[in-house]
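One file, query-v8.txt, carrying compact mmCIF, N, CA and C atoms and all ligand atoms:
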```txt
# COMPACT_ATOMS: atom_id res chain seq x y z
N MET A 1 3.72 -17.30 8.79
CA MET A 1 3.40 -18.68 9.17
C MET A 1 4.05 -19.62 8.16
N LYS A 2 5.00 -20.39 8.61
CA LYS A 2 5.64 -21.34 7.70
C LYS A 2 5.25 -22.75 8.08
N GLU A 3 5.05 -23.56 7.09
CA GLU A 3 4.75 -24.94 7.38
C GLU A 3 5.92 -25.80 6.94
N ASP A 4 6.32 -26.67 7.83
CA ASP A 4 7.45 -27.54 7.53
C ASP A 4 7.13 -28.43 6.34
N GLY A 5 8.10 -28.60 5.50
CA GLY A 5 7.92 -29.51 4.38
C GLY A 5 7.20 -28.88 3.21
N GLU A 6 6.75 -27.66 3.37
CA GLU A 6 6.07 -27.02 2.25
C GLU A 6 7.11 -26.48 1.28
N MET A 7 6.91 -26.76 0.03
CA MET A 7 7.84 -26.26 -0.97
C MET A 7 7.68 -24.75 -1.09
N ARG A 8 8.79 -24.07 -1.10
CA ARG A 8 8.74 -22.63 -1.27
C ARG A 8 8.38 -22.34 -2.72
N LYS A 9 7.31 -21.60 -2.90
CA LYS A 9 6.88 -21.32 -4.27
C LYS A 9 7.76 -20.25 -4.90
N GLN A 10 7.96 -20.42 -6.16
CA GLN A 10 8.79 -19.46 -6.85
C GLN A 10 7.98 -18.20 -7.17
N ILE A 11 8.60 -17.07 -6.92
CA ILE A 11 7.92 -15.81 -7.20
C ILE A 11 8.43 -15.27 -8.53
N TRP A 12 7.53 -15.11 -9.49
CA TRP A 12 7.95 -14.59 -10.78
C TRP A 12 7.40 -13.20 -11.03
N ARG A 13 6.53 -12.75 -10.16
CA ARG A 13 6.05 -11.38 -10.31
C ARG A 13 5.66 -10.83 -8.95
N ARG A 14 6.18 -9.64 -8.65
CA ARG A 14 5.77 -8.94 -7.43
C ARG A 14 5.65 -7.46 -7.77
N MET A 15 4.49 -6.92 -7.52
CA MET A 15 4.30 -5.50 -7.82
C MET A 15 3.54 -4.87 -6.66
N ILE A 16 3.72 -3.58 -6.54
CA ILE A 16 3.01 -2.90 -5.47
C ILE A 16 2.57 -1.51 -5.94
N SER A 17 1.37 -1.14 -5.54
CA SER A 17 0.93 0.23 -5.74
C SER A 17 0.19 0.67 -4.49
N ARG A 18 0.05 1.98 -4.36
CA ARG A 18 -0.55 2.52 -3.15
C ARG A 18 -1.46 3.67 -3.54
N ARG A 19 -2.56 3.78 -2.86
CA ARG A 19 -3.52 4.81 -3.16
C ARG A 19 -3.98 5.36 -1.83
N SER A 20 -4.19 6.65 -1.76
CA SER A 20 -4.74 7.17 -0.51
C SER A 20 -5.73 8.26 -0.85
N GLY A 21 -6.55 8.56 0.09
CA GLY A 21 -7.57 9.57 -0.15
C GLY A 21 -8.52 9.59 1.02
N SER A 22 -9.72 10.06 0.74
CA SER A 22 -10.70 10.04 1.82
C SER A 22 -11.99 9.40 1.33
N GLU A 23 -12.72 8.86 2.27
CA GLU A 23 -13.96 8.17 1.94
C GLU A 23 -14.96 8.46 3.06
N GLY A 24 -16.16 7.98 2.87
CA GLY A 24 -17.19 8.24 3.87
C GLY A 24 -17.98 9.47 3.50
N PRO A 25 -18.90 9.85 4.36
CA PRO A 25 -19.76 11.00 4.05
C PRO A 25 -18.94 12.28 3.93
N ARG A 26 -19.40 13.19 3.10
CA ARG A 26 -18.64 14.40 2.82
C ARG A 26 -18.44 15.26 4.07
N HIS A 27 -19.42 15.25 4.96
CA HIS A 27 -19.29 16.08 6.15
C HIS A 27 -18.39 15.43 7.21
N ASP A 28 -18.08 14.15 7.01
CA ASP A 28 -17.27 13.46 8.00
C ASP A 28 -16.31 12.51 7.29
N PRO A 29 -15.40 13.07 6.48
CA PRO A 29 -14.53 12.20 5.67
C PRO A 29 -13.51 11.46 6.54
N TYR A 30 -13.08 10.36 6.01
CA TYR A 30 -12.20 9.47 6.73
C TYR A 30 -11.07 9.13 5.78
N SER A 31 -9.84 9.25 6.25
CA SER A 31 -8.75 8.99 5.32
C SER A 31 -8.47 7.49 5.22
N TYR A 32 -8.05 7.08 4.05
CA TYR A 32 -7.73 5.67 3.86
C TYR A 32 -6.44 5.52 3.08
N VAL A 33 -5.85 4.36 3.23
CA VAL A 33 -4.72 4.00 2.39
C VAL A 33 -5.00 2.60 1.86
N GLU A 34 -4.69 2.42 0.60
CA GLU A 34 -4.95 1.12 -0.02
C GLU A 34 -3.72 0.64 -0.76
N PHE A 35 -3.26 -0.53 -0.40
CA PHE A 35 -2.13 -1.14 -1.09
C PHE A 35 -2.66 -2.23 -2.00
N LYS A 36 -2.09 -2.28 -3.19
CA LYS A 36 -2.38 -3.38 -4.10
C LYS A 36 -1.07 -4.11 -4.33
N VAL A 37 -1.02 -5.34 -3.91
CA VAL A 37 0.20 -6.11 -4.05
C VAL A 37 -0.09 -7.29 -4.97
N THR A 38 0.69 -7.41 -6.01
CA THR A 38 0.54 -8.53 -6.93
C THR A 38 1.66 -9.52 -6.67
N ILE A 39 1.29 -10.74 -6.40
CA ILE A 39 2.30 -11.78 -6.25
C ILE A 39 1.90 -12.90 -7.21
N ASN A 40 2.75 -13.08 -8.21
CA ASN A 40 2.45 -14.01 -9.31
C ASN A 40 1.10 -13.62 -9.93
N ASP A 41 0.13 -14.52 -9.95
CA ASP A 41 -1.13 -14.11 -10.57
C ASP A 41 -2.22 -13.81 -9.54
N ALA A 42 -1.82 -13.58 -8.31
CA ALA A 42 -2.79 -13.19 -7.28
C ALA A 42 -2.63 -11.70 -6.95
N ILE A 43 -3.76 -11.03 -6.83
CA ILE A 43 -3.73 -9.61 -6.51
C ILE A 43 -4.36 -9.40 -5.14
N PHE A 44 -3.59 -8.84 -4.23
CA PHE A 44 -4.07 -8.57 -2.87
C PHE A 44 -4.37 -7.09 -2.76
N THR A 45 -5.60 -6.76 -2.41
CA THR A 45 -5.94 -5.37 -2.17
C THR A 45 -6.21 -5.21 -0.68
N LEU A 46 -5.38 -4.39 -0.05
CA LEU A 46 -5.52 -4.17 1.38
C LEU A 46 -5.99 -2.74 1.58
N HIS A 47 -7.18 -2.60 2.08
CA HIS A 47 -7.79 -1.28 2.21
C HIS A 47 -7.99 -0.97 3.68
N MET A 48 -7.35 0.10 4.15
CA MET A 48 -7.47 0.46 5.55
C MET A 48 -7.98 1.89 5.65
N GLY A 49 -9.19 2.00 6.13
CA GLY A 49 -9.80 3.32 6.29
C GLY A 49 -11.07 3.16 7.06
N LEU A 50 -12.11 3.84 6.60
CA LEU A 50 -13.42 3.66 7.21
C LEU A 50 -13.83 2.19 7.07
N ALA A 51 -13.59 1.68 5.88
CA ALA A 51 -13.74 0.24 5.66
C ALA A 51 -12.35 -0.39 5.77
N GLU A 52 -12.29 -1.56 6.36
CA GLU A 52 -11.03 -2.28 6.43
C GLU A 52 -11.28 -3.65 5.82
N PHE A 53 -10.68 -3.86 4.65
CA PHE A 53 -10.91 -5.16 4.02
C PHE A 53 -9.72 -5.63 3.23
N LEU A 54 -9.72 -6.91 2.98
CA LEU A 54 -8.71 -7.53 2.13
C LEU A 54 -9.45 -8.25 1.02
N GLU A 55 -9.02 -7.98 -0.21
CA GLU A 55 -9.61 -8.67 -1.33
C GLU A 55 -8.49 -9.41 -2.04
N VAL A 56 -8.71 -10.66 -2.32
CA VAL A 56 -7.71 -11.44 -3.02
C VAL A 56 -8.33 -11.94 -4.32
N GLU A 57 -7.71 -11.53 -5.43
CA GLU A 57 -8.19 -11.98 -6.74
C GLU A 57 -7.16 -12.94 -7.31
N SER A 58 -7.62 -14.09 -7.70
CA SER A 58 -6.72 -15.01 -8.38
C SER A 58 -7.50 -15.56 -9.56
N PRO A 59 -6.82 -16.24 -10.48
CA PRO A 59 -7.54 -16.78 -11.63
C PRO A 59 -8.68 -17.72 -11.22
N ARG A 60 -8.61 -18.23 -10.00
CA ARG A 60 -9.64 -19.17 -9.57
C ARG A 60 -10.78 -18.52 -8.79
N GLY A 61 -10.72 -17.23 -8.63
CA GLY A 61 -11.84 -16.57 -7.95
C GLY A 61 -11.38 -15.40 -7.09
N THR A 62 -12.34 -14.77 -6.47
CA THR A 62 -12.07 -13.60 -5.65
C THR A 62 -12.70 -13.79 -4.27
N ILE A 63 -11.93 -13.46 -3.25
CA ILE A 63 -12.53 -13.47 -1.91
C ILE A 63 -12.33 -12.10 -1.28
N ARG A 64 -13.24 -11.75 -0.41
CA ARG A 64 -13.10 -10.51 0.31
C ARG A 64 -13.42 -10.76 1.77
N VAL A 65 -12.56 -10.22 2.63
CA VAL A 65 -12.76 -10.36 4.06
C VAL A 65 -12.74 -8.96 4.67
N ASP A 66 -13.71 -8.70 5.52
CA ASP A 66 -13.77 -7.41 6.19
C ASP A 66 -13.45 -7.57 7.68
N ASN A 67 -12.86 -6.54 8.25
CA ASN A 67 -12.72 -6.54 9.70
C ASN A 67 -14.09 -6.29 10.33
N THR A 68 -14.35 -7.01 11.39
CA THR A 68 -15.62 -6.86 12.08
C THR A 68 -15.33 -6.64 13.56
N ASN A 69 -16.35 -6.32 14.31
CA ASN A 69 -16.16 -6.15 15.74
C ASN A 69 -15.64 -7.42 16.39
N GLU A 70 -16.14 -8.56 15.91
CA GLU A 70 -15.70 -9.84 16.49
C GLU A 70 -14.26 -10.16 16.09
N HIS A 71 -13.89 -9.74 14.87
CA HIS A 71 -12.54 -10.04 14.38
C HIS A 71 -11.90 -8.74 13.87
N PRO A 72 -11.46 -7.90 14.78
CA PRO A 72 -11.00 -6.57 14.38
C PRO A 72 -9.69 -6.56 13.59
N ASN A 73 -8.90 -7.62 13.66
CA ASN A 73 -7.61 -7.60 12.97
C ASN A 73 -7.42 -8.74 11.99
N GLN A 74 -8.49 -9.38 11.60
CA GLN A 74 -8.33 -10.55 10.74
C GLN A 74 -7.81 -10.17 9.35
N VAL A 75 -8.12 -8.97 8.91
CA VAL A 75 -7.66 -8.53 7.60
C VAL A 75 -6.13 -8.48 7.55
N GLU A 76 -5.55 -7.85 8.58
CA GLU A 76 -4.10 -7.73 8.64
C GLU A 76 -3.44 -9.11 8.73
N THR A 77 -3.99 -9.95 9.61
CA THR A 77 -3.41 -11.27 9.82
C THR A 77 -3.50 -12.11 8.55
N LEU A 78 -4.67 -12.07 7.91
CA LEU A 78 -4.85 -12.84 6.69
C LEU A 78 -3.93 -12.36 5.58
N PHE A 79 -3.79 -11.06 5.49
CA PHE A 79 -2.92 -10.52 4.45
C PHE A 79 -1.51 -11.06 4.62
N GLU A 80 -1.01 -11.00 5.86
CA GLU A 80 0.36 -11.47 6.11
C GLU A 80 0.48 -12.96 5.83
N ASP A 81 -0.50 -13.73 6.25
CA ASP A 81 -0.44 -15.18 6.06
C ASP A 81 -0.53 -15.57 4.58
N LEU A 82 -1.44 -14.93 3.87
CA LEU A 82 -1.67 -15.32 2.48
C LEU A 82 -0.60 -14.81 1.53
N SER A 83 -0.14 -13.58 1.77
CA SER A 83 0.82 -12.99 0.84
C SER A 83 2.25 -13.28 1.24
N GLY A 84 2.47 -13.61 2.51
CA GLY A 84 3.83 -13.81 2.99
C GLY A 84 4.58 -12.49 3.17
N VAL A 85 3.85 -11.39 3.15
CA VAL A 85 4.47 -10.07 3.29
C VAL A 85 4.06 -9.47 4.63
N ASP A 86 5.03 -8.97 5.37
CA ASP A 86 4.71 -8.28 6.62
C ASP A 86 4.12 -6.91 6.32
N LEU A 87 3.15 -6.52 7.11
CA LEU A 87 2.57 -5.19 6.92
C LEU A 87 3.62 -4.09 7.01
N ASP A 88 4.58 -4.27 7.91
CA ASP A 88 5.64 -3.27 8.09
C ASP A 88 6.48 -3.10 6.83
N GLN A 89 6.48 -4.14 5.97
CA GLN A 89 7.30 -4.09 4.77
C GLN A 89 6.69 -3.24 3.68
N LEU A 90 5.40 -3.03 3.75
CA LEU A 90 4.71 -2.40 2.62
C LEU A 90 5.22 -1.01 2.30
N GLU A 91 5.27 -0.15 3.31
CA GLU A 91 5.71 1.23 3.06
C GLU A 91 7.16 1.27 2.55
N PRO A 92 8.10 0.59 3.23
CA PRO A 92 9.48 0.59 2.72
C PRO A 92 9.59 0.03 1.30
N TRP A 93 8.86 -1.02 1.01
CA TRP A 93 8.83 -1.61 -0.33
C TRP A 93 8.40 -0.58 -1.34
N TYR A 94 7.28 0.02 -1.00
CA TYR A 94 6.69 0.99 -1.90
C TYR A 94 7.65 2.15 -2.15
N ASP A 95 8.22 2.67 -1.07
CA ASP A 95 9.15 3.79 -1.18
C ASP A 95 10.34 3.44 -2.06
N ARG A 96 10.84 2.23 -1.87
CA ARG A 96 12.02 1.81 -2.62
C ARG A 96 11.67 1.66 -4.10
N VAL A 97 10.57 1.00 -4.37
CA VAL A 97 10.18 0.73 -5.75
C VAL A 97 9.84 2.00 -6.50
N HIS A 98 9.17 2.90 -5.84
CA HIS A 98 8.72 4.10 -6.53
C HIS A 98 9.66 5.29 -6.32
N GLY A 99 10.82 5.01 -5.73
CA GLY A 99 11.86 6.03 -5.65
C GLY A 99 11.50 7.25 -4.83
N ARG A 100 10.77 7.02 -3.76
CA ARG A 100 10.42 8.16 -2.89
C ARG A 100 11.66 8.57 -2.11
N PRO A 101 12.13 9.79 -2.31
CA PRO A 101 13.35 10.20 -1.64
C PRO A 101 13.09 10.54 -0.17
N ASN A 102 14.13 10.46 0.64
CA ASN A 102 13.92 10.80 2.04
C ASN A 102 14.43 12.20 2.38
N ARG A 103 14.81 12.95 1.35
CA ARG A 103 15.20 14.33 1.59
C ARG A 103 14.96 15.16 0.33
N CYS A 104 14.89 16.46 0.52
CA CYS A 104 14.66 17.35 -0.61
C CYS A 104 15.91 17.44 -1.47
N PRO A 105 15.79 17.23 -2.79
CA PRO A 105 16.98 17.28 -3.64
C PRO A 105 17.54 18.70 -3.79
N ARG A 106 16.73 19.71 -3.50
CA ARG A 106 17.21 21.08 -3.67
C ARG A 106 17.94 21.58 -2.42
N CYS A 107 17.29 21.46 -1.26
CA CYS A 107 17.91 22.04 -0.07
C CYS A 107 18.34 21.01 0.97
N GLY A 108 18.01 19.73 0.72
CA GLY A 108 18.46 18.69 1.62
C GLY A 108 17.61 18.54 2.88
N CYS A 109 16.54 19.31 2.93
CA CYS A 109 15.64 19.24 4.08
C CYS A 109 14.99 17.87 4.16
N ARG A 110 14.91 17.33 5.34
CA ARG A 110 14.33 16.00 5.48
C ARG A 110 12.84 16.04 5.78
N GLU A 111 12.34 17.22 5.96
CA GLU A 111 10.93 17.32 6.33
C GLU A 111 10.09 17.61 5.09
N THR A 112 9.11 16.77 4.87
CA THR A 112 8.23 17.01 3.73
C THR A 112 6.78 17.06 4.21
N VAL A 113 5.96 17.72 3.43
CA VAL A 113 4.55 17.83 3.76
C VAL A 113 3.75 17.16 2.65
N CYS A 114 2.82 16.34 3.05
CA CYS A 114 2.00 15.63 2.07
C CYS A 114 0.82 16.48 1.63
N HIS A 115 0.55 16.43 0.34
CA HIS A 115 -0.66 17.07 -0.17
C HIS A 115 -1.36 16.06 -1.06
N ASP A 116 -2.64 16.17 -1.16
CA ASP A 116 -3.35 15.34 -2.11
C ASP A 116 -3.26 16.00 -3.47
N GLY A 117 -2.88 15.22 -4.45
CA GLY A 117 -2.83 15.72 -5.82
C GLY A 117 -4.11 15.36 -6.52
N TYR A 118 -3.98 14.74 -7.66
CA TYR A 118 -5.16 14.26 -8.35
C TYR A 118 -5.73 13.07 -7.59
N VAL A 119 -6.83 12.58 -8.08
CA VAL A 119 -7.52 11.48 -7.39
C VAL A 119 -6.57 10.33 -7.07
N GLY A 120 -6.52 9.98 -5.82
CA GLY A 120 -5.71 8.84 -5.42
C GLY A 120 -4.22 9.07 -5.53
N GLU A 121 -3.85 10.31 -5.68
CA GLU A 121 -2.44 10.60 -5.87
C GLU A 121 -1.96 11.53 -4.77
N GLN A 122 -0.75 11.33 -4.37
CA GLN A 122 -0.23 12.13 -3.27
C GLN A 122 1.05 12.82 -3.73
N ILE A 123 1.22 14.06 -3.32
CA ILE A 123 2.50 14.69 -3.61
C ILE A 123 3.14 15.13 -2.30
N GLU A 124 4.45 15.15 -2.29
CA GLU A 124 5.16 15.61 -1.11
C GLU A 124 5.97 16.83 -1.45
N VAL A 125 5.80 17.84 -0.61
CA VAL A 125 6.44 19.12 -0.86
C VAL A 125 7.42 19.39 0.28
N CYS A 126 8.58 19.91 -0.07
CA CYS A 126 9.58 20.24 0.94
C CYS A 126 9.01 21.28 1.91
N ALA A 127 9.22 21.05 3.19
CA ALA A 127 8.67 21.95 4.21
C ALA A 127 9.37 23.30 4.18
N LYS A 128 10.60 23.34 3.68
CA LYS A 128 11.36 24.60 3.69
C LYS A 128 11.20 25.37 2.39
N CYS A 129 11.62 24.75 1.28
CA CYS A 129 11.67 25.51 0.04
C CYS A 129 10.47 25.24 -0.87
N LYS A 130 9.56 24.38 -0.45
CA LYS A 130 8.31 24.11 -1.17
C LYS A 130 8.50 23.42 -2.51
N LYS A 131 9.68 22.93 -2.76
CA LYS A 131 9.88 22.16 -3.99
C LYS A 131 9.09 20.85 -3.89
N ILE A 132 8.49 20.43 -5.00
CA ILE A 132 7.83 19.13 -5.01
C ILE A 132 8.91 18.06 -5.00
N VAL A 133 8.94 17.31 -3.92
CA VAL A 133 9.99 16.33 -3.72
C VAL A 133 9.65 15.03 -4.41
N TRP A 134 8.38 14.73 -4.40
CA TRP A 134 7.98 13.41 -4.89
C TRP A 134 6.52 13.43 -5.25
N CYS A 135 6.18 12.66 -6.25
CA CYS A 135 4.81 12.59 -6.72
C CYS A 135 4.43 11.13 -6.81
N GLU A 136 3.33 10.80 -6.22
CA GLU A 136 2.94 9.39 -6.19
C GLU A 136 2.60 8.88 -7.58
N PRO A 137 3.32 7.86 -8.02
CA PRO A 137 2.99 7.31 -9.32
C PRO A 137 1.71 6.48 -9.24
N VAL A 138 0.95 6.50 -10.28
CA VAL A 138 -0.33 5.81 -10.25
C VAL A 138 -0.18 4.36 -10.68
N SER A 139 0.84 4.11 -11.48
CA SER A 139 0.95 2.77 -12.05
C SER A 139 1.64 1.80 -11.10
N LEU A 140 1.46 0.56 -11.36
CA LEU A 140 2.13 -0.49 -10.62
C LEU A 140 3.60 -0.53 -11.04
N ALA A 141 4.42 -0.98 -10.14
CA ALA A 141 5.83 -1.13 -10.50
C ALA A 141 6.35 -2.44 -9.96
N MET A 142 7.31 -2.98 -10.66
CA MET A 142 7.87 -4.26 -10.26
C MET A 142 8.76 -4.10 -9.02
N ILE A 143 8.74 -5.09 -8.18
CA ILE A 143 9.66 -5.14 -7.05
C ILE A 143 10.76 -6.11 -7.42
N GLU A 144 11.96 -5.62 -7.44
CA GLU A 144 13.07 -6.51 -7.80
C GLU A 144 13.63 -7.16 -6.54
ZN ZN B 201 13.79 21.90 -0.02
```
Will you turn the file into structure tokens for me?
Amino acid sequence: MKEDGEMRKQIWRRMISRRSGSEGPRHDPYSYVEFKVTINDAIFTLHMGLAEFLEVESPRGTIRVDNTNEHPNQVETLFEDLSGVDLDQLEPWYDRVHGRPNRCPRCGCRETVCHDGYVGEQIEVCAKCKKIVWCEPVSLAMIE
């Protein structure tokens, strides 16, 4: 959503991290993915799983919005409007920043299998030769 006449704000910091895992009751776990996007001094946490919410932290306060039955997609829409980032951009951004390869460096196989590593961490293993292709970094990284 662009508004005419609005000055484009300068971006001096953009970072992204991603976390995945499961939540909910142990007998009925639900997988989730959570992106944390930092734009300047605002931190956007987009959590999609059993709970779907957006939390925005800025020096002036924190707001949290949850998806509800009445507004099932407001989290996604608000995230895009407030951050100026398309949801579709998140995965490619993340992959680029964290150097997730799209093929196995040993055998060139393009098929990888995801495994959960340590808490909130994901590893990808080559489907053919089982080499660990990529390991999810826990720390935030700058987006250039
Ligand atoms: Zn391989």
Considering all atoms listed in the file, give me a table of residues in chain A that are at most 6 Å from ligand ZN 201 (chain B), with the closest atom pair and distance in Å for each, as a tab-separated table.
```
residue	atom	partner	partner_atom	distance
A:Cys104	CA	B:ZN201	ZN	4.7
A:Pro105	N	B:ZN201	ZN	5.8
A:Arg106	C	B:ZN201	ZN	4.8
A:Cys107	N	B:ZN201	ZN	3.7
A:Gly108	N	B:ZN201	ZN	4.8
A:Cys109	N	B:ZN201	ZN	4.8
A:Cys126	CA	B:ZN201	ZN	4.6
A:Ala127	N	B:ZN201	ZN	5.6
A:Lys128	C	B:ZN201	ZN	5.0
A:Cys129	N	B:ZN201	ZN	3.8
A:Lys130	N	B:ZN201	ZN	4.9
A:Lys131	N	B:ZN201	ZN	5.0
```
For Phe35 (chain A), please output as a list in words all residues within 6 Å (counting all atoms listed in the file; exclusion window: fewer than 3 positions along the same chain). Ser17, Arg18, Arg19, Phe44, Thr45, Leu46 and His47 of chain A
Enumerate as a PyMOL selection string all residues of region 25-98 of chain A assigned to strand (DSSP E or B) by DSSP on the backbone, naming them with the chain letters and numbers the document uses. chain A and resi 30-39+42-48+52-58+61-66
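Separating atom C of Val37 (chain A) from atom C of Arg14 (chain A) is a distance of 6.4 Å.
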Neighbours of Glu57 (chain A) within 5 Å (only N, CA and C atoms; same-chain residues fewer than 5 positions away dropped), as a PyMOL selection string? chain A and resi 42-43+62
CA of Gly49 (chain A) and CA of Pro29 (chain A), how far apart in Å?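 Computing it gives 10.1 Å between the two atoms.
Interatomic distance, CA of Ile39 (chain A) to atom N of Ile16 (chain A): 8.3 Å.
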Which residues are close to Glu124 (chain A), i.e. within 6.5 Å by only N, CA and C atoms, leaving aside same-chain residues fewer than 2 positions away? Reply as a ChimeraX atom specification. /A:112-115,122,126,131-136
Can you work out which one of A:Pro101, A:Pro59, A:Phe53, A:Gly24 has the shortest atom-to-atom distance to His71 (chain A), counting only C-alpha atoms?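 Looking at the shortest contact to His71 (chain A), the residue is A:Phe53.
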Could you pull out the alpha helix (DSSP H) residues of region 38-118 of chain A from DSSP and send them as a list in words?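 Going through region 38-118 of chain A, the alpha helix (DSSP H) residues come out as Gln74, Val75, Glu76, Thr77, Leu78, Phe79, Glu80, Asp81, Leu82, Ser83, Leu87, Asp88, Gln89, Leu90, Glu91, Pro92, Trp93, Tyr94, Asp95, Arg96 and Val97 of chain A.
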